[in-house]
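J.: Sending over start_22.txt (compact mmCIF, C-alpha atoms and all ligand atoms).
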```txt
# COMPACT_ATOMS: atom_id res chain seq x y z
CA MET A 1 167.92 -57.59 95.57
CA ARG A 2 165.24 -55.63 97.38
CA THR A 3 166.06 -52.21 98.88
CA LYS A 4 165.66 -52.20 102.66
CA THR A 5 163.20 -49.39 103.26
CA ILE A 6 162.56 -47.71 106.61
CA ALA A 7 159.62 -45.31 106.79
CA GLY A 8 158.59 -43.15 109.72
CA ASN A 9 154.85 -42.58 110.16
CA TRP A 10 154.59 -39.48 112.31
CA LYS A 11 150.80 -39.82 112.59
CA MET A 12 149.18 -36.70 114.14
CA PHE A 13 152.30 -35.59 115.99
CA LYS A 14 154.64 -32.60 115.63
CA ASN A 15 153.69 -29.03 114.84
CA LEU A 16 155.76 -27.02 112.37
CA GLN A 17 158.51 -26.07 114.80
CA GLN A 18 158.76 -29.58 116.25
CA SER A 19 158.87 -31.00 112.72
CA GLU A 20 161.80 -28.75 111.88
CA GLU A 21 163.64 -29.85 115.02
CA LEU A 22 163.05 -33.52 114.29
CA ILE A 23 164.17 -33.30 110.67
CA LEU A 24 167.31 -31.33 111.57
CA GLY A 25 168.03 -33.86 114.32
CA LEU A 26 167.52 -36.69 111.91
CA THR A 27 169.80 -35.31 109.23
CA LYS A 28 172.49 -35.09 111.94
CA ALA A 29 171.80 -38.52 113.41
CA LEU A 30 171.96 -40.22 110.01
CA ASP A 31 175.70 -39.52 109.89
CA PHE A 32 176.64 -43.06 108.86
CA SER A 33 176.70 -44.72 105.48
CA LEU A 34 173.18 -45.74 104.53
CA GLY A 35 174.46 -48.09 101.85
CA SER A 36 171.41 -48.96 99.80
CA VAL A 37 168.92 -48.41 102.65
CA LYS A 38 166.06 -46.08 101.77
CA VAL A 39 164.77 -43.70 104.45
CA ILE A 40 161.33 -42.09 104.22
CA ILE A 41 159.60 -39.71 106.63
CA CYS A 42 155.84 -39.14 106.59
CA PRO A 43 155.03 -36.00 108.62
CA PRO A 44 151.52 -34.56 108.90
CA PHE A 45 150.21 -32.50 105.96
CA THR A 46 150.93 -29.17 107.65
CA SER A 47 154.66 -29.97 107.85
CA LEU A 48 155.12 -31.44 104.37
CA GLY A 49 156.00 -28.16 102.65
CA LEU A 50 158.72 -27.34 105.16
CA ALA A 51 159.91 -30.95 105.23
CA GLY A 52 160.19 -30.94 101.43
CA THR A 53 162.56 -27.98 101.65
CA LEU A 54 164.58 -29.39 104.57
CA VAL A 55 165.17 -32.86 103.09
CA LYS A 56 166.15 -31.58 99.64
CA GLY A 57 169.63 -32.85 98.83
CA SER A 58 169.59 -35.23 101.83
CA PRO A 59 169.12 -39.01 101.65
CA ILE A 60 165.69 -38.66 103.29
CA ALA A 61 162.67 -39.06 101.03
CA LEU A 62 159.26 -37.61 101.79
CA GLY A 63 155.89 -39.31 102.07
CA ALA A 64 152.36 -38.39 103.13
CA GLN A 65 150.05 -40.35 105.41
CA ASN A 66 146.98 -40.27 103.16
CA MET A 67 145.54 -38.61 100.05
CA HIS A 68 142.28 -38.18 98.17
CA ALA A 69 141.73 -40.16 94.98
CA GLU A 70 141.05 -37.08 92.81
CA ASP A 71 143.42 -34.36 91.58
CA GLU A 72 141.17 -31.51 92.63
CA GLY A 73 137.58 -30.67 93.35
CA ALA A 74 135.02 -29.70 95.95
CA PHE A 75 136.25 -32.05 98.65
CA THR A 76 136.57 -29.85 101.72
CA GLY A 77 139.39 -30.89 103.99
CA GLU A 78 141.09 -33.23 101.52
CA ILE A 79 144.57 -33.22 99.97
CA SER A 80 145.25 -34.47 96.43
CA PRO A 81 148.17 -36.45 94.97
CA THR A 82 149.22 -33.52 92.78
CA MET A 83 149.39 -31.33 95.89
CA LEU A 84 151.60 -33.92 97.55
CA LYS A 85 153.85 -34.08 94.51
CA SER A 86 154.16 -30.30 94.47
CA VAL A 87 155.76 -30.27 97.95
CA GLY A 88 158.20 -33.05 97.12
CA CYS A 89 156.40 -36.22 98.23
CA GLU A 90 157.47 -39.42 96.53
CA TYR A 91 155.51 -41.83 98.72
CA VAL A 92 152.09 -42.02 100.34
CA ILE A 93 150.86 -44.34 103.09
CA LEU A 94 147.47 -45.77 102.16
CA GLY A 95 144.98 -47.77 104.18
CA HIS A 96 146.70 -47.54 107.54
CA SER A 97 144.64 -49.49 110.07
CA GLU A 98 143.81 -46.25 111.89
CA ARG A 99 142.29 -44.94 108.69
CA ARG A 100 140.40 -48.20 108.15
CA GLN A 101 139.16 -48.09 111.75
CA TYR A 102 138.34 -44.40 112.26
CA PHE A 103 137.76 -43.13 108.73
CA GLN A 104 135.91 -46.05 107.15
CA GLU A 105 138.55 -46.83 104.55
CA THR A 106 137.99 -50.11 102.75
CA ASN A 107 140.07 -52.30 100.45
CA GLU A 108 138.04 -50.80 97.60
CA SER A 109 138.70 -47.16 98.50
CA ILE A 110 142.36 -47.93 99.22
CA ASN A 111 142.67 -49.62 95.83
CA LYS A 112 141.19 -46.54 94.15
CA LYS A 113 143.72 -44.33 95.93
CA ALA A 114 146.60 -46.70 95.14
CA LYS A 115 145.81 -46.62 91.42
CA LYS A 116 145.59 -42.83 91.52
CA ALA A 117 148.84 -42.54 93.49
CA ILE A 118 150.66 -44.66 90.91
CA ALA A 119 149.16 -42.69 88.01
CA SER A 120 150.37 -39.51 89.75
CA GLY A 121 153.93 -40.78 90.17
CA LEU A 122 153.69 -41.52 93.89
CA ILE A 123 154.73 -44.84 95.39
CA PRO A 124 151.97 -46.22 97.63
CA ILE A 125 152.79 -47.88 100.95
CA ILE A 126 149.72 -50.09 101.29
CA CYS A 127 148.98 -51.25 104.84
CA VAL A 128 147.39 -54.59 105.70
CA GLY A 129 147.05 -56.52 108.93
CA GLU A 130 144.72 -58.49 111.18
CA THR A 131 143.13 -57.68 114.53
CA LEU A 132 143.89 -59.68 117.65
CA GLU A 133 140.48 -61.32 117.41
CA GLU A 134 141.17 -62.41 113.83
CA ARG A 135 144.57 -63.82 114.81
CA GLU A 136 143.03 -65.76 117.68
CA LYS A 137 140.39 -67.15 115.32
CA ASN A 138 143.21 -68.34 113.05
CA ILE A 139 142.00 -66.29 110.10
CA THR A 140 145.08 -64.05 109.72
CA ASP A 141 145.92 -65.59 106.32
CA LEU A 142 142.41 -65.08 105.00
CA ILE A 143 142.18 -61.48 106.24
CA VAL A 144 145.60 -60.43 104.95
CA SER A 145 145.13 -62.19 101.59
CA THR A 146 141.75 -60.52 101.09
CA GLN A 147 143.26 -57.12 101.89
CA VAL A 148 146.23 -57.63 99.54
CA ARG A 149 144.01 -58.89 96.68
CA GLY A 150 141.52 -56.05 97.16
CA CYS A 151 144.11 -53.30 97.42
CA LEU A 152 146.12 -54.49 94.39
CA LYS A 153 143.13 -55.02 92.10
CA GLU A 154 143.79 -53.86 88.51
CA ILE A 155 147.32 -52.70 89.33
CA GLY A 156 149.73 -53.97 86.65
CA ALA A 157 152.85 -56.03 87.32
CA ALA A 158 155.34 -53.24 86.61
CA ASP A 159 153.57 -50.99 89.13
CA VAL A 160 153.14 -53.68 91.74
CA GLU A 161 156.89 -54.30 91.68
CA LYS A 162 157.42 -50.69 92.82
CA THR A 163 154.60 -50.70 95.38
CA ILE A 164 155.42 -51.16 99.06
CA ILE A 165 153.20 -53.39 101.17
CA ALA A 166 153.34 -52.87 104.94
CA TYR A 167 152.23 -55.76 107.11
CA GLU A 168 151.04 -54.23 110.37
CA PRO A 169 149.24 -56.57 112.75
CA ILE A 170 146.75 -54.23 114.43
CA TRP A 171 147.34 -55.79 117.84
CA ALA A 172 151.00 -54.74 117.64
CA ILE A 173 150.46 -51.09 116.69
CA GLY A 174 151.25 -48.66 119.47
CA THR A 175 150.79 -51.42 122.05
CA GLY A 176 154.39 -52.34 122.72
CA LYS A 177 153.53 -55.90 121.62
CA THR A 178 155.62 -56.81 118.61
CA ALA A 179 154.96 -59.81 116.42
CA THR A 180 157.84 -62.21 116.90
CA PRO A 181 160.20 -62.22 113.93
CA GLN A 182 158.84 -65.71 113.10
CA GLN A 183 155.19 -64.58 113.25
CA ALA A 184 155.97 -61.60 111.04
CA GLU A 185 158.10 -63.62 108.60
CA GLU A 186 155.26 -66.15 108.17
CA VAL A 187 152.82 -63.46 107.04
CA HIS A 188 155.43 -61.73 104.88
CA LEU A 189 156.06 -64.99 103.07
CA LEU A 190 152.33 -65.48 102.63
CA ILE A 191 152.05 -61.99 101.08
CA ARG A 192 155.00 -62.63 98.77
CA LYS A 193 153.57 -65.95 97.64
CA LEU A 194 150.22 -64.31 96.97
CA VAL A 195 151.86 -61.62 94.84
CA GLY A 196 153.63 -64.47 93.04
CA GLN A 197 150.28 -66.15 92.39
CA LEU A 198 148.56 -62.95 91.24
CA TYR A 199 151.48 -61.79 89.07
CA SER A 200 154.66 -63.85 88.79
CA TRP A 201 157.45 -64.96 91.07
CA ALA A 202 159.73 -62.39 89.41
CA SER A 203 157.33 -59.63 90.49
CA ALA A 204 156.92 -61.11 93.96
CA GLU A 205 160.67 -61.07 94.47
CA LYS A 206 160.79 -57.34 93.75
CA VAL A 207 157.98 -56.19 96.08
CA VAL A 208 159.21 -54.52 99.24
CA ILE A 209 157.24 -55.77 102.26
CA GLN A 210 157.68 -53.73 105.43
CA TYR A 211 156.78 -54.80 108.93
CA GLY A 212 155.07 -52.34 111.25
CA GLY A 213 153.89 -52.55 114.84
CA SER A 214 156.01 -51.46 117.81
CA VAL A 215 159.28 -51.56 115.87
CA LYS A 216 161.96 -50.06 118.10
CA PRO A 217 165.75 -49.95 118.31
CA GLU A 218 165.74 -53.09 120.51
CA ASN A 219 163.85 -55.36 118.10
CA ALA A 220 164.60 -53.88 114.68
CA LYS A 221 167.68 -55.91 113.87
CA GLU A 222 166.09 -59.30 114.45
CA LEU A 223 162.94 -58.39 112.52
CA LEU A 224 164.91 -56.93 109.63
CA SER A 225 167.15 -59.95 109.33
CA GLN A 226 164.22 -62.18 108.33
CA PRO A 227 164.43 -63.13 104.66
CA ASN A 228 161.06 -61.64 103.68
CA ILE A 229 161.07 -58.55 105.90
CA ASP A 230 162.38 -55.78 103.67
CA GLY A 231 161.98 -52.83 105.98
CA ALA A 232 159.88 -51.24 108.66
CA LEU A 233 157.03 -48.79 108.99
CA VAL A 234 157.78 -47.14 112.30
CA GLY A 235 155.30 -45.15 114.40
CA GLY A 236 156.19 -44.17 117.97
CA ALA A 237 159.92 -44.79 117.61
CA CYS A 238 160.25 -42.44 114.64
CA LEU A 239 159.37 -39.38 116.71
CA LYS A 240 162.86 -39.18 118.20
CA ALA A 241 165.80 -38.70 115.85
CA ASP A 242 168.10 -41.05 117.74
CA SER A 243 165.75 -44.01 117.95
CA PHE A 244 164.72 -43.70 114.29
CA ALA A 245 168.37 -43.43 113.25
CA THR A 246 169.19 -46.54 115.30
CA ILE A 247 166.46 -48.47 113.47
CA VAL A 248 167.85 -47.25 110.14
CA LYS A 249 171.31 -48.36 111.27
CA SER A 250 169.95 -51.85 112.01
CA ALA A 251 168.71 -52.00 108.42
CA THR A 252 172.19 -51.21 107.12
CA LEU A 253 173.58 -54.09 109.20
CA SER A 254 170.96 -56.72 108.42
P1 LIG A 301 153.98 -48.11 116.17
O1 LIG A 301 153.09 -47.70 114.88
O2 LIG A 301 155.38 -48.30 115.69
O3 LIG A 301 153.82 -46.97 117.10
O4 LIG A 301 153.39 -49.39 116.70
C1 LIG A 301 153.31 -48.28 113.64
C2 LIG A 301 152.31 -47.75 112.64
O5 LIG A 301 151.15 -47.52 113.02
O6 LIG A 301 152.64 -47.53 111.45
```
Step by step, read the file and then write its structure as structure tokens.
Ligand code: PGA

T.:
Amino acid sequence: MRTKTIAGNWKMFKNLQQSEELILGLTKALDFSLGSVKVIICPPFTSLGLAGTLVKGSPIALGAQNMHAEDEGAFTGEISPTMLKSVGCEYVILGHSERRQYFQETNESINKKAKKAIASGLIPIICVGETLEEREKNITDLIVSTQVRGCLKEIGAADVEKTIIAYEPIWAIGTGKTATPQQAEEVHLLIRKLVGQLYSWASAEKVVIQYGGSVKPENAKELLSQPNIDGALVGGACLKADSFATIVKSATLS
């Protein structure tokens, strides 16, 4: 049985005060039984320290949006996995399409970070997904498979079983266009089968595969009720406590 996992990617939104308001609002709004649903928030680096203190003792877990692949060093402007651990992070988003697009991240660099995250005791949320052009050319399977293979390279079965893969079709991110539950389910199944091929079916059955791309309260339930959609990576809709809580609620019902 896979744990339904809902993560909020705050991106470059919310200063310290706004972060505090959102987290306090969220702890109030999540006033229902979460059952076995896992809730993760990924605020910007500047809010992680405060967030770590505020979520302590609550059912909300903390994640970062990126990290460097070294523990320390002369890397001006970077944040290391040990730094993330020290403020209470348990998760880290890696290879988000915005990082691939604007910060030249590749499957190779994401793989390096994923291995380092695991070695540091962080759970990576590895993002994959095709562009609209790639979907229209009918090469979604090839693109996503290449990303999954590249990002999971040299990661052992026990670690892969704990890793989260987020399928985020780029054309659905921040656009209001959501993949239909069927379109998403198709790619999720492809990813699960690929993990089965690379490792074993037992491992594939344990991997949590989230969907991301314009997930909102109105479409969450249908997406989350697909057999291979194990959660959501939410952008825009996680910036308001009520809408994020409604998405989490959908996960408890699906
Ligand atoms: P969105 O972003 O929900 O705003 O489309 C999702 C993401 O980029 O993780």

J.: Can you tell me which residues surround range 233-248 of chain A at a distance of at most 7 Å, considering all atoms listed in the file, apart from same-chain residues fewer than 6 positions away, and format the answer as JSON, numbers by chain?

T.: {"A": [6, 7, 8, 9, 10, 22, 25, 26, 29, 30, 166, 174, 210, 211, 212, 215, 216, 217, 220]}

J.: Excluding Asn228 in chain A and any residue of its chain fewer than 2 positions from it, enumerate the residues within 10 Å of it, using all atoms listed in the file, and give them as a list in words.

T.: Arg2, Ala184, Glu185, Glu186, Val187, His188, Leu189, Leu190, Ile191, Arg192, Glu205, Val207, Val208, Ile209, Gln210, Tyr211, Leu223, Leu224, Ser225, Gln226, Asp230 and Gly231 of chain A

J.: By how many Å are CA of Ile41 in chain A and CA of Ile60 in chain A apart?

T.: 7.0 Å

J.: Measuring atom to atom with all atoms listed in the file, identify which of A:Asn107, A:Ser97, A:Thr163, A:Ser200 is nearest to ligand LIG 301 (chain A).

T.: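 Smallest distance to ligand LIG 301 (chain A) is found for A:Ser97.
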
J.: Which residue out of A:Glu130, A:Glu98, A:Glu105, A:Asp159 has the minimum interatomic distance to ligand LIG 301 (chain A) when only C-alpha atoms and all ligand atoms are used?

T.: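 The answer is A:Glu98, which sits nearest to ligand LIG 301 (chain A).
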
J.: Between CA of Phe103 in chain A and CA of Thr5 in chain A, what is the distance in Å, rounded to a tenth?

T.: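 Rounded to one decimal, the two atoms are 26.8 Å apart.
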
J.: Just checking: using all atoms listed in the file, which residue out of A:Ala204, A:Ile126, A:Ile79, A:Val160 ends up closest to ligand LIG 301 (chain A)?

T.: A:Ile126

J.: Go ahead and compute the interatomic distance for CA of Glu78 in chain A and CA of Val92 in chain A, in Å to one decimal.

T.: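 Here the two named atoms are 14.1 Å from each other.
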